[in-house]
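Source file: input_3.cif; contents: mmCIF, C-alpha atoms.
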```cif
data_input
#
loop_
_atom_site.group_PDB
_atom_site.id
_atom_site.type_symbol
_atom_site.label_atom_id
_atom_site.label_comp_id
_atom_site.auth_asym_id
_atom_site.auth_seq_id
_atom_site.Cartn_x
_atom_site.Cartn_y
_atom_site.Cartn_z
ATOM 1 C CA MET A 1 -83.352 67.072 21.972
ATOM 2 C CA VAL A 2 -84.763 70.649 21.649
ATOM 3 C CA GLN A 3 -82.847 73.719 22.719
ATOM 4 C CA LEU A 4 -83.711 77.421 22.252
ATOM 5 C CA SER A 5 -81.302 79.651 20.342
ATOM 6 C CA PRO A 6 -80.415 83.108 21.693
ATOM 7 C CA LYS A 7 -83.172 84.530 19.381
ATOM 8 C CA GLY A 8 -85.778 82.151 20.716
ATOM 9 C CA HIS A 9 -85.826 79.742 17.735
ATOM 10 C CA ALA A 10 -86.001 76.016 18.371
ATOM 11 C CA VAL A 11 -82.793 74.236 17.521
ATOM 12 C CA TYR A 12 -82.810 70.440 17.261
ATOM 13 C CA GLN A 13 -79.726 68.651 18.483
ATOM 14 C CA ARG A 14 -78.851 64.995 18.193
ATOM 15 C CA PRO A 15 -78.365 63.255 21.576
ATOM 16 C CA ILE A 16 -74.749 62.893 22.607
ATOM 17 C CA ARG A 17 -73.599 59.285 22.492
ATOM 18 C CA ALA A 18 -70.814 58.061 24.730
ATOM 19 C CA SER A 19 -67.732 57.057 22.832
ATOM 20 C CA PRO A 20 -66.002 53.740 23.514
ATOM 21 C CA ASP A 21 -63.359 55.666 25.459
ATOM 22 C CA SER A 22 -66.103 57.258 27.559
ATOM 23 C CA ASP A 23 -67.647 53.840 28.293
ATOM 24 C CA HIS A 24 -64.265 52.511 29.386
ATOM 25 C CA SER A 25 -63.705 55.517 31.631
ATOM 26 C CA GLN A 26 -67.107 55.059 33.287
ATOM 27 C CA LEU A 27 -66.360 51.376 33.910
ATOM 28 C CA ILE A 28 -63.082 52.267 35.612
ATOM 29 C CA ASP A 29 -64.867 54.860 37.723
ATOM 30 C CA ARG A 30 -67.484 52.285 38.821
ATOM 31 C CA LEU A 31 -64.809 49.737 39.708
ATOM 32 C CA ALA A 32 -62.868 52.340 41.661
ATOM 33 C CA ALA A 33 -66.000 53.370 43.560
ATOM 34 C CA ARG A 34 -66.742 49.732 44.386
ATOM 35 C CA MET A 35 -63.177 49.173 45.636
ATOM 36 C CA ILE A 36 -63.394 52.281 47.820
ATOM 37 C CA ALA A 37 -66.746 51.153 49.249
ATOM 38 C CA THR A 38 -65.303 47.699 50.001
ATOM 39 C CA TRP A 39 -62.291 49.274 51.681
ATOM 40 C CA PHE A 40 -64.532 51.337 53.951
ATOM 41 C CA VAL A 41 -66.533 48.236 54.919
ATOM 42 C CA LEU A 42 -63.342 46.351 55.785
ATOM 43 C CA LEU A 43 -62.082 49.349 57.746
ATOM 44 C CA ALA A 44 -65.333 49.530 59.700
ATOM 45 C CA VAL A 45 -65.075 45.826 60.575
ATOM 46 C CA ALA A 46 -61.454 46.257 61.647
ATOM 47 C CA LEU A 47 -62.320 49.230 63.834
ATOM 48 C CA THR A 48 -65.155 47.260 65.433
ATOM 49 C CA VAL A 49 -62.784 44.449 66.308
ATOM 50 C CA VAL A 50 -60.289 46.908 67.796
ATOM 51 C CA ALA A 51 -63.041 48.670 69.739
ATOM 52 C CA ALA A 52 -64.267 45.322 71.065
ATOM 53 C CA ASP A 53 -60.855 44.507 72.597
ATOM 54 C CA VAL A 54 -61.746 45.947 75.990
ATOM 55 C CA PRO A 55 -59.563 45.014 78.978
ATOM 56 C CA VAL A 56 -61.428 43.502 81.906
ATOM 57 C CA VAL A 57 -60.330 44.022 85.520
ATOM 58 C CA THR A 58 -60.147 40.472 86.843
ATOM 59 C CA ARG A 59 -61.520 39.221 90.144
ATOM 60 C CA ALA A 60 -57.961 38.841 91.418
ATOM 61 C CA GLU A 61 -57.200 42.454 90.505
ATOM 62 C CA TRP A 62 -60.144 43.839 92.475
ATOM 63 C CA ASN A 63 -59.497 41.315 95.262
ATOM 64 C CA ALA A 64 -62.757 39.371 95.087
ATOM 65 C CA ARG A 65 -63.769 36.823 97.709
ATOM 66 C CA PRO A 66 -64.133 33.199 96.579
ATOM 67 C CA ALA A 67 -67.697 32.075 95.891
ATOM 68 C CA SER A 68 -69.387 30.645 98.971
ATOM 69 C CA GLY A 69 -71.315 27.892 97.206
ATOM 70 C CA ASP A 70 -72.210 26.182 93.967
ATOM 71 C CA MET A 71 -73.934 28.058 91.130
ATOM 72 C CA ASP A 72 -75.970 26.713 88.241
ATOM 73 C CA SER A 73 -74.236 26.631 84.886
ATOM 74 C CA MET A 74 -75.560 28.127 81.636
ATOM 75 C CA GLU A 75 -74.789 27.163 78.076
ATOM 76 C CA THR A 76 -73.188 29.967 76.090
ATOM 77 C CA PRO A 77 -73.632 31.871 73.839
ATOM 78 C CA LEU A 78 -76.494 33.536 75.689
ATOM 79 C CA ALA A 79 -79.574 34.992 74.029
ATOM 80 C CA ARG A 80 -79.926 38.190 76.081
ATOM 81 C CA ALA A 81 -77.849 40.986 77.577
ATOM 82 C CA VAL A 82 -79.524 42.796 80.478
ATOM 83 C CA ILE A 83 -78.364 46.292 81.450
ATOM 84 C CA ALA A 84 -78.747 47.190 85.148
ATOM 85 C CA HIS A 85 -77.447 49.683 87.664
ATOM 86 C CA THR A 86 -76.387 48.816 91.181
ATOM 87 C CA GLY A 87 -78.095 51.811 92.820
ATOM 88 C CA GLY A 88 -76.464 53.812 95.595
ATOM 89 C CA GLY A 89 -73.107 55.491 95.169
ATOM 90 C CA GLY A 90 -70.860 55.177 92.160
ATOM 91 C CA CYS A 91 -67.115 55.464 91.616
ATOM 92 C CA SER A 92 -64.823 57.506 89.392
ATOM 93 C CA ASP A 93 -61.292 56.136 89.892
ATOM 94 C CA ASP A 94 -59.606 52.746 89.961
ATOM 95 C CA GLN A 95 -59.211 52.513 93.731
ATOM 96 C CA GLY A 96 -62.764 53.663 94.425
ATOM 97 C CA CYS A 97 -64.250 51.240 91.882
ATOM 98 C CA ALA A 98 -62.281 48.276 93.271
ATOM 99 C CA THR A 99 -63.485 49.137 96.777
ATOM 100 C CA LEU A 100 -67.074 49.431 95.539
ATOM 101 C CA MET A 101 -66.801 46.034 93.840
ATOM 102 C CA ARG A 102 -65.755 44.429 97.125
ATOM 103 C CA ASN A 103 -68.550 46.188 98.993
ATOM 104 C CA LEU A 104 -71.147 45.069 96.446
ATOM 105 C CA GLN A 105 -69.929 41.483 96.625
ATOM 106 C CA GLN A 106 -69.958 41.567 100.416
ATOM 107 C CA TYR A 107 -73.517 42.934 100.506
ATOM 108 C CA GLN A 108 -74.888 40.448 97.995
ATOM 109 C CA MET A 109 -73.225 37.471 99.615
ATOM 110 C CA THR A 110 -74.074 38.328 103.232
ATOM 111 C CA ARG A 111 -77.365 40.265 103.063
ATOM 112 C CA GLN A 112 -78.910 38.772 99.909
ATOM 113 C CA LYS A 113 -77.434 35.316 100.504
ATOM 114 C CA PHE A 114 -76.054 34.945 96.975
ATOM 115 C CA SER A 115 -73.152 32.575 96.412
ATOM 116 C CA ASP A 116 -71.226 35.378 94.700
ATOM 117 C CA ILE A 117 -71.683 38.833 93.238
ATOM 118 C CA GLY A 118 -74.828 38.642 91.128
ATOM 119 C CA TYR A 119 -73.709 40.250 87.836
ATOM 120 C CA HIS A 120 -71.381 38.930 85.167
ATOM 121 C CA TYR A 121 -69.783 42.307 84.442
ATOM 122 C CA LEU A 122 -69.843 45.682 86.143
ATOM 123 C CA ILE A 123 -68.790 49.040 84.725
ATOM 124 C CA GLY A 124 -67.300 51.868 86.762
ATOM 125 C CA GLY A 125 -67.452 55.588 86.194
ATOM 126 C CA ASN A 126 -63.742 55.364 85.338
ATOM 127 C CA GLY A 127 -64.723 53.563 82.116
ATOM 128 C CA ARG A 128 -63.303 50.203 83.182
ATOM 129 C CA VAL A 129 -65.070 46.837 83.012
ATOM 130 C CA TYR A 130 -64.935 44.573 86.080
ATOM 131 C CA GLU A 131 -65.285 40.799 86.106
ATOM 132 C CA GLY A 132 -68.150 39.439 88.191
ATOM 133 C CA ARG A 133 -69.215 35.825 88.020
ATOM 134 C CA SER A 134 -68.451 33.801 84.886
ATOM 135 C CA PRO A 135 -70.887 34.188 81.938
ATOM 136 C CA SER A 136 -71.179 30.383 82.003
ATOM 137 C CA LEU A 137 -72.783 30.618 85.467
ATOM 138 C CA ARG A 138 -76.356 31.775 86.014
ATOM 139 C CA GLY A 139 -76.533 35.301 87.413
ATOM 140 C CA ALA A 140 -78.530 36.560 90.401
ATOM 141 C CA PHE A 141 -80.289 39.755 89.364
ATOM 142 C CA ALA A 142 -83.498 38.866 87.485
ATOM 143 C CA GLY A 143 -85.166 35.915 89.211
ATOM 144 C CA ALA A 144 -86.591 33.438 86.733
ATOM 145 C CA ASN A 145 -85.120 35.501 83.871
ATOM 146 C CA ASN A 146 -81.530 34.907 84.950
ATOM 147 C CA GLU A 147 -81.398 31.872 82.686
ATOM 148 C CA GLY A 148 -79.937 32.820 79.305
ATOM 149 C CA SER A 149 -79.107 36.387 80.397
ATOM 150 C CA LEU A 150 -75.751 38.144 80.582
ATOM 151 C CA GLY A 151 -75.981 40.630 83.458
ATOM 152 C CA ILE A 152 -74.105 43.915 82.987
ATOM 153 C CA ALA A 153 -74.446 46.532 85.737
ATOM 154 C CA PHE A 154 -73.250 50.129 85.853
ATOM 155 C CA MET A 155 -71.986 51.004 89.324
ATOM 156 C CA GLY A 156 -74.091 53.819 90.774
ATOM 157 C CA ASN A 157 -77.603 55.239 90.440
ATOM 158 C CA PHE A 158 -78.632 56.527 87.009
ATOM 159 C CA ASP A 159 -82.195 57.592 87.556
ATOM 160 C CA GLN A 160 -81.451 61.311 87.108
ATOM 161 C CA GLN A 161 -78.150 61.351 85.219
ATOM 162 C CA PRO A 162 -76.612 58.898 82.708
ATOM 163 C CA PRO A 163 -73.252 57.190 83.277
ATOM 164 C CA SER A 164 -70.004 58.845 82.210
ATOM 165 C CA ASN A 165 -69.102 58.887 78.514
ATOM 166 C CA ALA A 166 -66.194 56.561 79.266
ATOM 167 C CA ALA A 167 -68.535 54.058 80.921
ATOM 168 C CA LEU A 168 -71.007 54.224 78.031
ATOM 169 C CA ALA A 169 -68.220 53.616 75.520
ATOM 170 C CA ALA A 170 -66.955 50.687 77.586
ATOM 171 C CA VAL A 171 -70.299 48.866 77.530
ATOM 172 C CA GLN A 172 -70.504 49.058 73.729
ATOM 173 C CA SER A 173 -67.043 47.536 73.418
ATOM 174 C CA LEU A 174 -67.928 44.914 76.031
ATOM 175 C CA LEU A 175 -71.064 43.845 74.133
ATOM 176 C CA ALA A 176 -69.122 43.509 70.889
ATOM 177 C CA GLN A 177 -66.406 41.548 72.659
ATOM 178 C CA ALA A 178 -68.970 39.254 74.298
ATOM 179 C CA VAL A 179 -70.274 38.348 70.832
ATOM 180 C CA GLY A 180 -66.753 37.804 69.526
ATOM 181 C CA GLN A 181 -65.856 35.559 72.466
ATOM 182 C CA GLY A 182 -69.003 33.449 72.156
ATOM 183 C CA GLN A 183 -70.661 34.714 75.340
ATOM 184 C CA LEU A 184 -73.583 36.273 73.428
ATOM 185 C CA VAL A 185 -75.268 35.161 70.228
ATOM 186 C CA GLU A 186 -74.735 37.526 67.321
ATOM 187 C CA ASN A 187 -78.409 38.565 67.183
ATOM 188 C CA TYR A 188 -78.814 38.866 70.973
ATOM 189 C CA GLN A 189 -81.646 40.819 72.588
ATOM 190 C CA LEU A 190 -80.683 43.853 74.639
ATOM 191 C CA LEU A 191 -82.966 44.584 77.574
ATOM 192 C CA GLY A 192 -83.181 46.961 80.495
ATOM 193 C CA HIS A 193 -83.236 45.371 83.951
ATOM 194 C CA ARG A 194 -86.797 46.599 84.576
ATOM 195 C CA GLN A 195 -88.018 44.587 81.581
ATOM 196 C CA VAL A 196 -87.167 41.297 83.290
ATOM 197 C CA SER A 197 -87.547 42.147 86.974
ATOM 198 C CA ALA A 198 -89.710 44.316 89.252
ATOM 199 C CA THR A 199 -87.182 47.135 89.665
ATOM 200 C CA LYS A 200 -86.434 50.715 88.596
ATOM 201 C CA SER A 201 -82.988 49.591 87.438
ATOM 202 C CA PRO A 202 -81.201 50.668 85.297
ATOM 203 C CA GLY A 203 -82.613 54.092 86.215
ATOM 204 C CA ASP A 204 -84.701 56.370 84.001
ATOM 205 C CA ALA A 205 -81.772 58.289 82.504
ATOM 206 C CA LEU A 206 -79.811 55.172 81.588
ATOM 207 C CA TYR A 207 -82.855 53.244 80.384
ATOM 208 C CA ALA A 208 -83.703 56.087 77.985
ATOM 209 C CA LEU A 209 -80.266 55.581 76.406
ATOM 210 C CA VAL A 210 -80.471 51.778 76.388
ATOM 211 C CA GLN A 211 -83.621 51.963 74.257
ATOM 212 C CA GLN A 212 -81.584 53.713 71.537
ATOM 213 C CA TRP A 213 -78.813 51.093 71.390
ATOM 214 C CA PRO A 214 -78.497 48.364 68.737
ATOM 215 C CA HIS A 215 -80.264 45.097 69.641
ATOM 216 C CA TRP A 216 -82.635 46.696 72.162
ATOM 217 C CA SER A 217 -85.945 44.850 72.186
ATOM 218 C CA GLU A 218 -89.383 45.639 73.580
ATOM 219 C CA ILE A 219 -89.726 41.844 74.133
#
```
Using structure tokens, write down the structure that the file contains.
Amino acid sequence: MVQLSPKGHAVYQRPIRASPDSDHSQLIDRLAARMIATWFVLLAVALTVVAADVPVVTRAEWNARPASGDMDSMETPLARAVIAHTGGGGCSDDQGCATLMRNLQQYQMTRQKFSDIGYHYLIGGNGRVYEGRSPSLRGAFAGANNEGSLGIAFMGNFDQQPPSNAALAAVQSLLAQAVGQGQLVENYQLLGHRQVSATKSPGDALYALVQQWPHWSEI
């Protein structure tokens, strides 16, 4: 190793060799760093599990009507999650969202002639997740693409504005929980409603966000 003296003369120095004590210290540092990294990974997994434990407002709690007919079953876990919006007005509080759920079910069963509400889960502007039809039953929102798809709809129209932050957080927890409960495969595809059906759903503003989420696929 060459180093210049204060007078500009070259001074040759022998490379510094690590002593046995230095080697031992470096080993301890590496082990400590590895343990810290492992701890952070375990913490991240634990936080994901906690975040995935999202409460679901049951059909009984929002006072759903019984289904009017038989529905085809699906084998879970499902390969796709499809994000939709219901269009029309939204809701921002528990009472308003429960009322909207009943109105949506009424409309789909009477006007669209579905046996039940068409989605598996719906999300209100209050950040709560509402139970629709069972994930083991084929939905009614994407025609021939209903098979193998978990239908999740945000209540409201999100063409101009995205859903509330609480609602967006709820859907991420719901997706993680659906994987943990065996409703979705671990490597599921995430799609916007317009990718599987001739519709503007889930709205331009929401669809722009969906394309940034993990698992989103161009198909």
Atomic separation - atom CA of A:Asp70 relative to atom CA of A:Gly118, Å |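 For atom CA of A:Gly118 relative to atom CA of A:Asp70, the distance reads 13.0 Å.
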Tell me, in Å to one decimal, how far atom CA of A:Ala140 is from atom CA of A:Gln195.
->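 Value for the atom CA of A:Ala140-atom CA of A:Gln195 distance: 15.2 Å.
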Mind listing as an mmCIF file with C-alpha atoms, keeping the file's coordinate frame all residues within 12 Å of (-89.1, 47.2, 87.1), counting all atoms listed in the file?
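Just written: result.cif:
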```cif
data_model
loop_
_atom_site.group_PDB
_atom_site.id
_atom_site.type_symbol
_atom_site.label_atom_id
_atom_site.label_comp_id
_atom_site.auth_asym_id
_atom_site.auth_seq_id
_atom_site.Cartn_x
_atom_site.Cartn_y
_atom_site.Cartn_z
ATOM 1 C CA ALA A 84 -78.747 47.190 85.148
ATOM 2 C CA HIS A 85 -77.447 49.683 87.664
ATOM 3 C CA PHE A 141 -80.289 39.755 89.364
ATOM 4 C CA ALA A 142 -83.498 38.866 87.485
ATOM 5 C CA LEU A 191 -82.966 44.584 77.574
ATOM 6 C CA GLY A 192 -83.181 46.961 80.495
ATOM 7 C CA HIS A 193 -83.236 45.371 83.951
ATOM 8 C CA ARG A 194 -86.797 46.599 84.576
ATOM 9 C CA GLN A 195 -88.018 44.587 81.581
ATOM 10 C CA VAL A 196 -87.167 41.297 83.290
ATOM 11 C CA SER A 197 -87.547 42.147 86.974
ATOM 12 C CA ALA A 198 -89.710 44.316 89.252
ATOM 13 C CA THR A 199 -87.182 47.135 89.665
ATOM 14 C CA LYS A 200 -86.434 50.715 88.596
ATOM 15 C CA SER A 201 -82.988 49.591 87.438
ATOM 16 C CA PRO A 202 -81.201 50.668 85.297
ATOM 17 C CA GLY A 203 -82.613 54.092 86.215
ATOM 18 C CA ASP A 204 -84.701 56.370 84.001
ATOM 19 C CA TYR A 207 -82.855 53.244 80.384
#
```
The PyMOL selection byres ((chain A and resi 167-179) around 8) applied to the shown file, residues as a ChimeraX atom specification = /A:48-49,51-54,77,123-129,154,163-166,180-186
Report as a VMD selection string the full result of the PyMOL selection byres ((chain A and resi 211) around 12) when it is applied to this structure.
-> chain A and resid 82 to 83 189 to 193 195 202 204 to 210 212 to 219
Could you please give me, as a list in words, the residues of protein, DNA or RNA lying at most 10 Å from (-70.6, 30.2, 99.0) in the coordinate frame of the file, considering all atoms listed in the file?
->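 The requested residues, written out, are Arg65, Pro66, Ala67, Ser68, Gly69, Asp70, Met71, Met109, Thr110, Lys113, Phe114, Ser115 and Asp116 of chain A.
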Residues within 8 Å of A:Arg133, all atoms listed in the file, excluding chain neighbours under 2 positions, as a PyMOL selection string = chain A and resi 116-121+131+135+137+139
List the residues selected by the PyMOL selection byres ((chain A and resi 90) around 9) in the file shown, writing them as a VMD selection string.
-> chain A and resid 86 to 89 91 to 92 96 to 97 100 124 to 125 154 to 157
One decimal, Å: what's the distance from atom CA of A:Leu78 over to atom CA of A:Ser149, could you say?
->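 The value is 6.1 Å.
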So which residues touch A:Asn63 within 12 Å, counting all atoms listed in the file, skipping near sequence neighbours fewer than 5 positions away, as a list in words?
->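 Final neighbour list, sorted by chain and number: Val57, Thr58, Gln95, Cys97, Ala98, Thr99, Leu100, Met101, Arg102, Asn103, Gln105, Gln106, Tyr130, Glu131 and Gly132 of chain A.
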With all atoms listed in the file as the basis for distance, which of A:Leu122, A:Val56, A:Ala144, A:Leu150 is at the shortest distance from A:Ala79?
-> A:Leu150
Taking every listed atom of stretch 194-206 of chain A and adding 5 Å to each side, what centre and edge lengths in Å (one decimal) does the axis-aligned box have, as AutoDock Vina command-line options?
```
--center_x -84.8 --center_y 49.8 --center_z 85.6 --size_x 19.9 --size_y 27.0 --size_z 18.1
```
